[in-house]
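Asks: Shown below is the structure under consideration.
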Amino acid sequence: MEDLFAHTYPAATSKSMYADVILPVPIPKWFTYKVEAEFQEQIGIGYRVMVPFGNRKILTGIVAKVHQKAPEVYQAKVILDVLDDFPVVNALQIKFWNWMAGYYCCHIGEVMNAALPSGLKLSTESRVHLHPNFDPEAPGFPMDDRELLVLETLAKHDDMRVEQFEQMLPGKISHKIIKSLLSKGAVLLYESVKEKYSPKTEHRIRLTNRFLAEENMLQDLFLELKGKQKQEQVLLQYLQLIPVFQKPELNDAGLLKKVLIDAGCSQSSIDTLIKKEILESFRITISRFDEQATGNDSITLSPLQQEAVGEIHRQFEDKNTLLLHGITGSGKTEIYIELIKEVLDSGSQVLLLLPEIALTTHLVFRLKKVFGNKMGVFHSKYSDNERVEVWQGVLKGRFNFVIGVRSSLFLPFDSLGLVIIDEEHEPSYKQFDPAPRFQARDAGIMLAWMHQAKTVLGSATPAFESFFNAQNGKYGYVKLDKRYGNAELPHFHLADILKDKKKNLLKLDFTRILREKIQDALNRQEQVLIFQNRRGYAPYISCEDCGWIPQCEHCDVSLTYHQYQEELRCHYCGFKEKLPKACPACGSHKLTTVGVGTERIEENLSLLFPEARIARMDLDTTRSKYGYQRILEDFGAGNVDILVGTQMITKGLDFDRVSLVGVVDADRILYFPDFRSGERAFQQITQVAGRAGRREKTGEVVIQTRRPDQQIFSQIMSGNYIDFYQQEIRERKQFFYPPFIKNIKVTTKHKEYKTAEMAALHLKNLVMAIEAKKIVLGPEKSLIGKIKNLYLFEIWIKLEKSVSVQENFKKQLMEKIMELQAEKKFRSVRFLVDVDPF
């Protein structure tokens, strides 16, 4: 690795070429590197390059600009290698990255780091090599048995990874032994740089080309093999499957050895023919995705859907963005399919954004039947290699239609014609950590604008910002207010928790009416969805005698009790500990659970309905790659009677046999300390209610609450979104909340309380000095004041919506933050800027 850094400052020449490179680090500017003559013909915008950074780092960068101007304030280092034969990023993507960095107050390197799949970044690994000048017989360097074992192993190999010694040596002593050998000059340690992405390959066999020159050569071969029946059988079977003279291209592709073995051929005979060079073994690169799937399903639009498609086309004549306001079950997906087909037929690309991976599982199967292998899927449950293949598939035109979550915005589209953002109101579209903290809905609209494409926002319960823009004529607006087919909206029932509790009718957190409705559904062999937006068994445990509640060691939150693992767990930092047998404060054994999580609901249901088949869908049960898929397949196949879940079950699921939806605790959503809590409650309850009775049979919804007199419940039950919107929007305007202003939250983080508070106070004073129409609130301790041993303070800025004011304010805000970070006492403080916090 030392050689890579040895010649980084060459003398400039009159024909010098330089490249501005985006690096995946949080720095404000691009870095300029010198392009040596050997790379000048093969470099350009969007190519990945390997470059030195700092004293010892090697990074993967993206070329943003090629020019002949040397940097003025530093001497340019040399690009070490160009990693691609073609650009993996296009100019439009770099423009999009620049916009995102400016709008969301972060650095373009942070955007690049989020945008590029890990498989397209270089990785380094430590390797150990036997020192060529080391003399094991030299006096003064005695070796123990473990060191001798390492040297003997290295003598048989060129070099080895450090991790390999960890497997070879007992305990955790490999690093000490390698350090000892380094000090004795016995080994060398160096960093090896390699690509993370590795294509999927498989071994195949084929007939050697020399036997295809003339047919008589094949006849001679059979004469040569006469009497060797098993080898003859292999050759005959191969020729039966591969007509080598009629279709020589099939011989080029070859066969899997397994195909011949399954046909009854002997493996040893196949290996013998390979040794004789009659057959040859070779490796071929294959896709990780199904190449055979072809779409052939057609859809038939109802008259209302056809009318909606026509109206969308009319609105697109003078509007780039359109809100499709369709009630749950109105058939928005069929309209999407029709629009996607039209755009693909025109030769453009389509991106369909979904808020949750769970939705991709459900929709992929449906859309695959229509679009086949022209459609790519992109989400975080895919491996690094799979994500690189989707990226390359978009680059090479294999996938002109991609369905994915928010990260799919960064794919290398070059001719987008349509962006569809389904369930556009969902908070899941917001990226919270790390930077860029972007809102995928808003970023998707900007991406479409850059491609001169159209955007469709779909929702049964639109976000207030989107509906506001539609009402004011900025967006087009199409409404679907009837369910597809003969389906009717579900019937609602309000269940008063306190009333049932007084009458002793509340059993295991379930009111009488909800228990009865579940039993009726089970008797009819129908399915039930139970919604509770809190995972775990119970929010916390408490001592009945002294009131002790277990707290996280690193965060200002109580630990959530998970019964299955018999542990207490922090949902913010991951800290966990075993459930104590007695109260550590007073020694009492009277520890009781407080509150209800999905795990506890699952247990309670199994006690109330022992004959029912119950499953749970939350973060704990869907961590694996196919966790969502397995649960949904079981539910769809009728192997589950009751599905308990968090917000994952509120979106887009469409099952014929679901006749009942139960909301266990509506108050928990409604009384969350956030100005959007009412909007969220309306959206979540309406969405989960929409899963009930989506065919001819009318579904039922039971909402459990302690405050049934709240007006929002009557608005949800009547489906009166407009009335609810008008009531809320008046309050938003009165108290200066979005969509009337732009919200920016700045959080300071530090391991010391006083330092975090002082940094926030200093920043507020600097922000107040920026000329703009604004309201600055705080600094205040965050709702959760400490996370992962860092104290948090927040400043909230309400800024006027003028684009020029916003741009100027954000630019000055970042300058003020950098000014503070330059001070020694605030150097270790983290400043997190969140534009449009959700």
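Going by the structure tokens order, chains are called A, B, ..., each with residues numbered from 1, while ligands are numbered from 1 in the order shown.
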For stretch 54-62 of chain A, find every residue with an atom within 8 Å (counting only C-alpha atoms), except residues of its own chain fewer than 6 positions away, and show them as a list in words.

Replies: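 Answer for this query is Phe5, Val21, Ile22, Leu23, Pro24, Ile45, Gly46, Tyr47, Arg48, Val89, Lys121 and Leu122 of chain A.
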
Asks: Please identify the strand (DSSP E or B) residues within stretch 297-348 of chain A (assignment by DSSP from backbone atoms) and present them as a PyMOL selection string.

Replies: chain A and resi 321-326

Asks: Would you mind exporting the chosen residues as a CSV table (one decimal), in the first residue's frame, restricted to all heavy atoms?

Replies:
```csv
chain,number,residue,atom,x,y,z
A,321,THR,N,-47.4,17.4,-11.7
A,321,THR,CA,-47.6,16.6,-10.5
A,321,THR,C,-49.1,16.5,-10.3
A,321,THR,O,-49.8,17.5,-10.4
A,321,THR,CB,-46.9,17.1,-9.3
A,321,THR,OG1,-45.5,17.3,-9.5
A,321,THR,CG2,-47.1,16.2,-8.1
A,322,LEU,N,-49.6,15.3,-10.0
A,322,LEU,CA,-51.0,15.1,-9.8
A,322,LEU,C,-51.3,14.2,-8.5
A,322,LEU,O,-50.5,13.3,-8.3
A,322,LEU,CB,-51.6,14.4,-11.0
A,322,LEU,CG,-53.1,14.0,-10.9
A,322,LEU,CD1,-53.8,14.3,-12.3
A,322,LEU,CD2,-53.3,12.5,-10.6
A,323,LEU,N,-52.3,14.6,-7.7
A,323,LEU,CA,-52.7,13.8,-6.6
A,323,LEU,C,-53.9,13.0,-6.9
A,323,LEU,O,-54.9,13.5,-7.3
A,323,LEU,CB,-53.1,14.8,-5.4
A,323,LEU,CG,-53.6,14.1,-4.2
A,323,LEU,CD1,-52.6,13.2,-3.5
A,323,LEU,CD2,-54.1,15.2,-3.1
A,324,LEU,N,-53.7,11.6,-6.8
A,324,LEU,CA,-54.8,10.7,-7.1
A,324,LEU,C,-55.4,10.3,-5.7
A,324,LEU,O,-54.8,9.5,-5.0
A,324,LEU,CB,-54.3,9.4,-7.8
A,324,LEU,CG,-55.3,8.3,-8.1
A,324,LEU,CD1,-56.4,8.8,-8.9
A,324,LEU,CD2,-54.6,7.2,-8.7
A,325,HIS,N,-56.5,10.9,-5.4
A,325,HIS,CA,-57.1,10.7,-4.0
A,325,HIS,C,-58.2,9.6,-4.2
A,325,HIS,O,-59.3,9.9,-4.5
A,325,HIS,CB,-57.7,12.1,-3.6
A,325,HIS,CG,-58.3,12.0,-2.2
A,325,HIS,ND1,-58.9,13.1,-1.6
A,325,HIS,CD2,-58.3,11.0,-1.3
A,325,HIS,CE1,-59.3,12.8,-0.4
A,325,HIS,NE2,-58.9,11.6,-0.2
A,326,GLY,N,-57.7,8.4,-3.9
A,326,GLY,CA,-58.7,7.3,-4.1
A,326,GLY,C,-58.9,6.6,-2.7
A,326,GLY,O,-57.9,6.2,-2.1
```

Asks: Just the residues within 12 Å of A:Ala582, please, counting only C-alpha atoms, with nothing from its chain fewer than 4 positions along; format it as a ChimeraX atom specification.

Replies: /A:541-546,548,550,578,586-592

Asks: Atoms to include: C-alpha atoms. Write the selected residues as an mmCIF file, in the first residue's frame.

Replies:
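Written output follows (again_19.cif):
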```
data_model
loop_
_atom_site.group_PDB
_atom_site.id
_atom_site.type_symbol
_atom_site.label_atom_id
_atom_site.label_comp_id
_atom_site.auth_asym_id
_atom_site.auth_seq_id
_atom_site.Cartn_x
_atom_site.Cartn_y
_atom_site.Cartn_z
ATOM 1 C CA ILE A 541 -42.314 -3.246 33.651
ATOM 2 C CA SER A 542 -42.746 -1.704 37.074
ATOM 3 C CA CYS A 543 -42.384 -2.711 40.721
ATOM 4 C CA GLU A 544 -45.784 -2.646 42.440
ATOM 5 C CA ASP A 545 -44.204 -1.821 45.822
ATOM 6 C CA CYS A 546 -41.693 0.968 45.126
ATOM 7 C CA TRP A 548 -39.138 1.197 40.096
ATOM 8 C CA PRO A 550 -35.992 -0.186 34.376
ATOM 9 C CA LYS A 578 -32.258 -10.124 31.211
ATOM 10 C CA CYS A 586 -36.417 -2.792 47.002
ATOM 11 C CA GLY A 587 -36.031 -6.537 46.458
ATOM 12 C CA SER A 588 -39.766 -7.099 45.899
ATOM 13 C CA HIS A 589 -40.872 -9.891 43.561
ATOM 14 C CA LYS A 590 -43.997 -7.958 42.553
ATOM 15 C CA LEU A 591 -42.877 -6.938 39.057
ATOM 16 C CA THR A 592 -45.754 -6.242 36.687
#
```

Asks: Looking at only C-alpha atoms, which of A:Asn472, A:Thr686, A:Thr208, A:Gln349 is the one that sits closest to A:Met717?

Replies: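 Ranking A:Asn472, A:Thr686, A:Thr208, A:Gln349 by distance to A:Met717, first place goes to A:Thr686.
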
Asks: Enumerate, as a PyMOL selection string, the complete set of residues in stretch 141-375 of chain A that a backbone-based DSSP assignment places in alpha helix (DSSP H).

Replies: chain A and resi 145-155+162-168+174-183+215-224+229-241+248-253+257-262+267-275+303-315+332-345+357-371

Asks: Find the residues near stretch 598-607 of chain A: any atom within 10 Å, counting only C-alpha atoms, skip ones fewer than 6 places away on the same chain, and give them as an NGL selection string.

Replies: :A and (507-510 or 515 or 518 or 530-538 or 561-564 or 613-618 or 620 or 642-646 or 664)

Asks: Determine the nearest neighbour of A:Lys95 from the options A:Leu447, A:Leu235, A:Val66, A:Met217, counting only C-alpha atoms.

Replies: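 Among the listed residues, the smallest separation from A:Lys95 belongs to A:Leu447.
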